[in-house]
Structure formats: C-alpha cells, structure tokens
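Shown next, in structure tokens, is the structure this report addresses.
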Amino acid sequence: MHTLSIVIPVYKNQDSIPELFQGLNELHNKNNFKLEVIFVVDGSPDQSALVIDKEAKLYDFKTKLILLSRNFGSFSAIRAGLSKATGEFVGVMAADLQEPTSLMSDFYDALKDGQSDIAVGVRTKREDSPLDKFMAESFWTLYKKFVQSEMPAGGVDVFAANRKVIDKINALQEINSSLVGLLIWLGFRRVEVPYQRFKRPYGKSAWTFKKKLRYLTDSIFSFTDLPF
C-alpha cells in the first residue's frame with residue numbers, strides 16, 4: 001500500500017486546525033493509502049502548535065510536527081516539510097480550509113497509475129472578494145504571458161507529486177524562488193485536477209501586501225530574463 005504524505009504550512013491557523021483534522025481523518029478512513037501529515041508551524045504567534053499536538057492524539061493516522069524558530073514564509077516552511085515527507089506521493093495544501101481535503105485523494109488517484117508525475121489543482125470557482133479575485137487573475141494572466149507560458153491560467157495553490165519530483169525539488173538549493181514556478185520549470189508530466197476554492201471560514205489571511213509583493217518578485221525574477 002502506498003503512502004501519501006501531506007505537507008501543511010501553519011501560520012495563525014489555530015481555529016481551523018480541529019476541523020482540518022476531521023477532514024484529514026475522513027481522508028484516512030475512506031482511501032486505500034497510508035496517510036502521513038507533516039505540519040510545519042512557521043513561527044506562528046498563536047496556539048497552533050499546541051492545538052496540533054492535542055488533535056494529533058485523537059486520531060490514528062501518522063503526524064509529524066515541525067516548529068520553525070521564526071516566520072520564514074510559506075516557501076521555506078513547505079521545503080522543510082518536503083524534506084521530512086516519506087511517502088511515495090506527496091501533496092501540499094494550506095491549513096485555512098479553503099481547499100477541500102478530498103482534493104488530496106483526487107491527486108493520488110491522478111498519480112497512482114504512473115501516467116503523470118505532478119497533479120496541480122485548477123480552480124473552477126473561488127469564493128474570494130472581488131478585489132482579491134481581480135488581483136489574482138491579473139497576476140496569473142501576466143505571469144503566464146510573460147514568464148512561464150505553461151502555468152495554468154489561474155495559477156496553482158495546491159498540488160501533489162510523486163517521489164521522483166519531490167527528490168528533485170529537495171535537491172534544488174533555491175532560497176528566494178517560487179515552489180510552483182520550480183514545479184513548472186522542472187518539466188515533468190503534469191495533470192490538472194479541477195476543484196472549488198472556498199471562502200476562508202476562520203480568521204483573516206496573513207498574506208499581507210508585503211508578502212504578496214515578495215512572492216511576485218521571487219516568482220518573476222527567478223524564471224525570466226525580461227526586460228533584458
């Protein structure tokens with residue numbers, strides 16, 4: 001039986017974690033794979049780590065908890081989690097419940113036959129504010145046109161890959177870059193899996209303008225020579 005590892009970066013998500021565990025447990029009970037979940041608490045100032053430790057004791061699927069010394073950002077947090085994932089397949093998702101946990105099962109189904117190496121989630125609908133929706137669509141449209149033409153039209157927030165891809169990602173020593181950009185750049189066989197992105201049910205996003213700007217510059221300048 002294969003193992004599916006799921007890496008989840010955590011920052012200010014203490015309220016969503018109990019419900020997240022319920023979804024992960026459903027995933028564990030309904031599927032024919034072993035489940036390993038790696039939580040990476042990215043210097044979160046709330047009680048996320050304590051809540052994860054408490055919830056993990058209530059369920060029988062395997063969990064790992066990584067505590068970073070400060071807030072390094074989601075890219076670094078995910079990289080830390082990928083380095084500890086042992087599964088033949090590894091998925092990455094957020095802790096804010098905006099993506100259904102069942103999407104990880106869809107990714108596994110798309111990858112297990114060996115016809116694809118990477119499964120990326122493609123949003124069919126997103127329950128975001130008009131401004132957030134406009135900004136996201138504008139960014140990814142320009143990114144696809146000028147930087148990486150193979151990027152899905154609406155960008156990628158969630159994905160899974162086989163062990164071969166994860167080992168390649170772990171071998172790269174990128175610091176200021178885009179994980180999604182690296183996935184596209186590596187050139188493995190990809191399959192797109194549609195899903196609906198939900199409205200955030202708890203708290204406010206920690207995705208500040210400063211972090212968005214940093215992500216934008218890292219995503220662009222790591223993968224294009226324009227305007228030179």
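Each chain of the structure tokens is named A, B, ... in the order shown, its residues numbered from 1; ligands are numbered from 1 in display order.
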
* Within 12 Å of Leu20 in chain A using only C-alpha atoms, minus same-chain residues under 2 positions, as an NGL selection string -> :A and (8 or 10 or 13-18 or 22-27 or 37 or 39 or 51-52 or 55-56 or 93-102 or 201-202)

What does the file look like for those residues with N, CA, C and O atoms, as a tab-separated table (two decimals), in the first residue's frame?
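Final output, selection.tsv:
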```
chain	number	residue	atom	x	y	z
A	8	ILE	N	1.64	20.58	5.33
A	8	ILE	CA	0.74	21.69	5.61
A	8	ILE	C	1.48	22.78	6.39
A	8	ILE	O	1.78	22.60	7.57
A	10	VAL	N	1.73	26.10	8.55
A	10	VAL	CA	0.76	26.64	9.51
A	10	VAL	C	1.23	27.99	10.03
A	10	VAL	O	2.35	28.11	10.53
A	13	ASN	N	-3.36	29.66	12.37
A	13	ASN	CA	-4.46	28.80	11.95
A	13	ASN	C	-5.07	28.00	13.09
A	13	ASN	O	-5.70	26.97	12.86
A	14	GLN	N	-4.90	28.44	14.33
A	14	GLN	CA	-5.34	27.64	15.46
A	14	GLN	C	-6.83	27.31	15.41
A	14	GLN	O	-7.25	26.24	15.85
A	15	ASP	N	-7.66	28.20	14.89
A	15	ASP	CA	-9.11	27.97	14.89
A	15	ASP	C	-9.54	26.95	13.84
A	15	ASP	O	-10.54	26.25	14.03
A	16	SER	N	-8.80	26.84	12.76
A	16	SER	CA	-9.19	25.93	11.68
A	16	SER	C	-8.63	24.52	11.87
A	16	SER	O	-9.09	23.58	11.21
A	17	ILE	N	-7.68	24.35	12.76
A	17	ILE	CA	-6.98	23.06	12.88
A	17	ILE	C	-7.89	21.90	13.30
A	17	ILE	O	-7.81	20.81	12.71
A	18	PRO	N	-8.79	22.07	14.29
A	18	PRO	CA	-9.67	20.92	14.64
A	18	PRO	C	-10.50	20.44	13.45
A	18	PRO	O	-10.62	19.22	13.23
A	22	GLN	N	-10.43	16.78	11.24
A	22	GLN	CA	-11.60	15.97	10.90
A	22	GLN	C	-11.59	15.60	9.42
A	22	GLN	O	-11.88	14.46	9.05
A	23	GLY	N	-11.26	16.58	8.58
A	23	GLY	CA	-11.19	16.31	7.15
A	23	GLY	C	-10.10	15.32	6.80
A	23	GLY	O	-10.28	14.44	5.96
A	24	LEU	N	-8.96	15.46	7.45
A	24	LEU	CA	-7.85	14.54	7.22
A	24	LEU	C	-8.21	13.12	7.67
A	24	LEU	O	-7.83	12.14	7.04
A	25	ASN	N	-8.95	13.03	8.77
A	25	ASN	CA	-9.35	11.71	9.26
A	25	ASN	C	-10.32	11.03	8.29
A	25	ASN	O	-10.24	9.82	8.06
A	26	GLU	N	-11.22	11.80	7.70
A	26	GLU	CA	-12.10	11.26	6.67
A	26	GLU	C	-11.29	10.76	5.47
A	26	GLU	O	-11.58	9.71	4.90
A	27	LEU	N	-10.28	11.53	5.12
A	27	LEU	CA	-9.40	11.13	4.02
A	27	LEU	C	-8.71	9.81	4.36
A	27	LEU	O	-8.60	8.91	3.52
A	37	VAL	N	0.88	13.06	7.68
A	37	VAL	CA	0.66	14.50	7.61
A	37	VAL	C	1.79	15.22	8.34
A	37	VAL	O	2.05	14.92	9.52
A	39	PHE	N	2.92	18.75	9.64
A	39	PHE	CA	2.56	20.13	9.94
A	39	PHE	C	3.85	20.92	10.20
A	39	PHE	O	4.69	20.51	11.01
A	51	VAL	N	-2.46	23.21	19.62
A	51	VAL	CA	-3.70	22.62	19.11
A	51	VAL	C	-3.39	21.41	18.24
A	51	VAL	O	-4.07	20.37	18.32
A	52	ILE	N	-2.37	21.50	17.40
A	52	ILE	CA	-1.98	20.36	16.56
A	52	ILE	C	-1.57	19.18	17.43
A	52	ILE	O	-1.99	18.04	17.19
A	55	GLU	N	-4.78	17.67	18.97
A	55	GLU	CA	-5.63	16.98	18.00
A	55	GLU	C	-4.99	15.71	17.49
A	55	GLU	O	-5.68	14.71	17.24
A	56	ALA	N	-3.67	15.70	17.32
A	56	ALA	CA	-2.99	14.53	16.78
A	56	ALA	C	-3.18	13.30	17.65
A	56	ALA	O	-3.17	12.16	17.15
A	93	MET	N	-0.87	21.44	0.87
A	93	MET	CA	-2.10	22.22	0.96
A	93	MET	C	-2.00	23.18	2.13
A	93	MET	O	-1.13	23.04	3.00
A	94	ALA	N	-2.89	24.16	2.16
A	94	ALA	CA	-2.91	25.15	3.24
A	94	ALA	C	-3.71	24.63	4.42
A	94	ALA	O	-4.46	23.65	4.30
A	95	ALA	N	-3.59	25.33	5.54
A	95	ALA	CA	-4.30	24.94	6.76
A	95	ALA	C	-5.57	25.75	6.98
A	95	ALA	O	-6.24	25.59	8.00
A	96	ASP	N	-5.94	26.61	6.02
A	96	ASP	CA	-7.05	27.54	6.24
A	96	ASP	C	-8.40	27.03	5.76
A	96	ASP	O	-9.39	27.75	5.77
A	97	LEU	N	-8.45	25.77	5.28
A	97	LEU	CA	-9.69	25.11	4.86
A	97	LEU	C	-10.27	25.68	3.57
A	97	LEU	O	-11.44	25.45	3.26
A	98	GLN	N	-9.48	26.40	2.80
A	98	GLN	CA	-10.00	26.93	1.53
A	98	GLN	C	-9.95	25.88	0.42
A	98	GLN	O	-10.61	26.04	-0.60
A	99	GLU	N	-9.16	24.84	0.61
A	99	GLU	CA	-9.16	23.72	-0.32
A	99	GLU	C	-9.73	22.49	0.40
A	99	GLU	O	-9.38	22.24	1.55
A	100	PRO	N	-10.59	21.73	-0.26
A	100	PRO	CA	-11.13	20.52	0.38
A	100	PRO	C	-10.05	19.47	0.56
A	100	PRO	O	-9.22	19.26	-0.33
A	101	THR	N	-10.03	18.81	1.72
A	101	THR	CA	-9.04	17.75	1.93
A	101	THR	C	-9.23	16.61	0.94
A	101	THR	O	-8.26	15.92	0.61
A	102	SER	N	-10.44	16.44	0.43
A	102	SER	CA	-10.69	15.37	-0.55
A	102	SER	C	-9.90	15.58	-1.83
A	102	SER	O	-9.70	14.64	-2.61
A	201	PRO	N	-13.03	30.21	6.34
A	201	PRO	CA	-14.05	30.19	7.39
A	201	PRO	C	-13.61	30.78	8.72
A	201	PRO	O	-14.46	31.14	9.55
A	202	TYR	N	-12.30	30.87	8.96
A	202	TYR	CA	-11.81	31.35	10.26
A	202	TYR	C	-10.72	32.41	10.06
A	202	TYR	O	-9.82	32.24	9.24
```

* To do: Pull the helix (DSSP H, G or I) assignments for range 18-192 of chain A out of DSSP run on the backbone, and list those residues as an NGL selection string.
  => :A and (18-30 or 48-56 or 74-82 or 102-111 or 130-146 or 163-171 or 179-186)

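The two atoms in question, CA of Asp42 in chain A and CA of Ala80 in chain A, are spaced 9.9 Å apart.
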
Kindly assemble as JSON lines a list of the range 49-88 of chain A residues that lie within 12 Å of range 157-162 of chain A, each paired with its nearest atom pair and their distance in Å to one decimal, using only C-alpha atoms, sorted first by chain and then by ascending residue number.
```
{"residue": "A:Ser74", "atom": "CA", "partner": "A:Asp157", "partner_atom": "CA", "distance": 11.4}
{"residue": "A:Phe75", "atom": "CA", "partner": "A:Asp157", "partner_atom": "CA", "distance": 11.8}
{"residue": "A:Ile78", "atom": "CA", "partner": "A:Val158", "partner_atom": "CA", "distance": 11.5}
{"residue": "A:Leu82", "atom": "CA", "partner": "A:Ala161", "partner_atom": "CA", "distance": 10.8}
{"residue": "A:Ala85", "atom": "CA", "partner": "A:Asn162", "partner_atom": "CA", "distance": 11.3}
{"residue": "A:Thr86", "atom": "CA", "partner": "A:Asn162", "partner_atom": "CA", "distance": 10.9}
{"residue": "A:Gly87", "atom": "CA", "partner": "A:Asn162", "partner_atom": "CA", "distance": 8.5}
{"residue": "A:Glu88", "atom": "CA", "partner": "A:Asn162", "partner_atom": "CA", "distance": 5.9}
```

Generate a file of the selected residues that holds C-alpha atoms, formatted as an mmCIF file, in the first residue's frame.
```
data_model
loop_
_atom_site.group_PDB
_atom_site.id
_atom_site.type_symbol
_atom_site.label_atom_id
_atom_site.label_comp_id
_atom_site.auth_asym_id
_atom_site.auth_seq_id
_atom_site.Cartn_x
_atom_site.Cartn_y
_atom_site.Cartn_z
ATOM 1 C CA SER A 74 5.430 29.536 3.259
ATOM 2 C CA PHE A 75 8.092 28.580 0.697
ATOM 3 C CA ILE A 78 6.916 23.813 2.737
ATOM 4 C CA LEU A 82 9.022 18.148 1.980
ATOM 5 C CA ALA A 85 7.963 13.510 3.913
ATOM 6 C CA THR A 86 8.469 9.770 3.374
ATOM 7 C CA GLY A 87 5.531 8.898 1.112
ATOM 8 C CA GLU A 88 5.698 7.680 -2.478
#
```

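Of note, CA of Gln196 in chain A and CA of Val156 in chain A are spaced 12.6 Å apart.
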
* Structure fact -> In terms of only C-alpha atoms, the residue from A:Lys199, A:Lys12, A:Pro130, A:Asn31 at minimal distance from Asp46 in chain A is A:Lys12

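Nearest to Thr3 in chain A of all the residues A:Leu67, A:Ile169, A:Val90, A:Met151 is A:Val90, based on only C-alpha atoms.
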
* **Distance query Glu150 in chain A at most 12 Å, only C-alpha atoms, self and fewer than 6 positions along chain excluded, as a PyMOL selection string** => chain A and resi 140-141+143-144+156+180-192

Those residues with C-alpha atoms, as a PDB file, in the first residue's frame please?
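Output saved as out-v5.pdb:
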```pdb
ATOM      1  CA  TRP A 140      -1.513  34.976 -13.164  1.00  0.00           C
ATOM      2  CA  THR A 141      -2.580  36.236 -16.597  1.00  0.00           C
ATOM      3  CA  TYR A 143       2.713  35.668 -15.340  1.00  0.00           C
ATOM      4  CA  LYS A 144       1.528  33.127 -17.898  1.00  0.00           C
ATOM      5  CA  VAL A 156      -1.561  26.970  -8.717  1.00  0.00           C
ATOM      6  CA  VAL A 180       5.069  26.399  -8.094  1.00  0.00           C
ATOM      7  CA  GLY A 181       7.469  28.002 -10.562  1.00  0.00           C
ATOM      8  CA  LEU A 182      10.024  25.283  -9.837  1.00  0.00           C
ATOM      9  CA  LEU A 183       7.426  22.573 -10.450  1.00  0.00           C
ATOM     10  CA  ILE A 184       6.668  24.005 -13.881  1.00  0.00           C
ATOM     11  CA  TRP A 185      10.345  24.636 -14.642  1.00  0.00           C
ATOM     12  CA  LEU A 186      11.354  21.029 -13.898  1.00  0.00           C
ATOM     13  CA  GLY A 187       9.230  19.889 -16.814  1.00  0.00           C
ATOM     14  CA  PHE A 188       7.708  16.652 -15.524  1.00  0.00           C
ATOM     15  CA  ARG A 189       4.416  15.267 -16.819  1.00  0.00           C
ATOM     16  CA  ARG A 190       1.513  17.206 -15.309  1.00  0.00           C
ATOM     17  CA  VAL A 191      -2.199  16.623 -14.951  1.00  0.00           C
ATOM     18  CA  GLU A 192      -4.742  19.256 -13.914  1.00  0.00           C
TER      19      GLU A 192
END
```

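Distances here use only C-alpha atoms; by that measure, the residue among A:Leu50, A:Val7, A:Leu111, A:Val92 closest to Thr63 in chain A is A:Val7.
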
* **Between CA of Leu103 in chain A and CA of Lys145 in chain A - distance in Å to one decimal** => 27.6 Å

* Asked: What's the 8 Å shell around Val41 in chain A, counting only C-alpha atoms, without same-chain residues fewer than 5 positions away, as a PyMOL selection string?
  -> chain A and resi 9-11+48-49+65-68+77

Keeping only C-alpha atoms, take the residues you just selected and write them out as a PDB file, in the first residue's frame.
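The result, stored in again33.pdb:
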```pdb
ATOM      1  CA  PRO A   9       2.407  25.014   6.491  1.00  0.00           C
ATOM      2  CA  VAL A  10       0.756  26.640   9.511  1.00  0.00           C
ATOM      3  CA  TYR A  11       0.636  30.307  10.472  1.00  0.00           C
ATOM      4  CA  SER A  48      -1.378  26.475  16.552  1.00  0.00           C
ATOM      5  CA  ALA A  49       1.380  24.125  17.702  1.00  0.00           C
ATOM      6  CA  LEU A  65       5.145  18.417  13.794  1.00  0.00           C
ATOM      7  CA  ILE A  66       7.966  20.739  12.747  1.00  0.00           C
ATOM      8  CA  LEU A  67       8.441  24.015  14.628  1.00  0.00           C
ATOM      9  CA  LEU A  68      10.415  26.741  12.869  1.00  0.00           C
ATOM     10  CA  ALA A  77       8.035  26.071   5.559  1.00  0.00           C
TER      11      ALA A  77
END
```

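Using only C-alpha atoms, the smallest distance between any of A:Phe139, A:Phe134, A:Tyr195, A:Phe72 and Asp106 in chain A comes from A:Tyr195.
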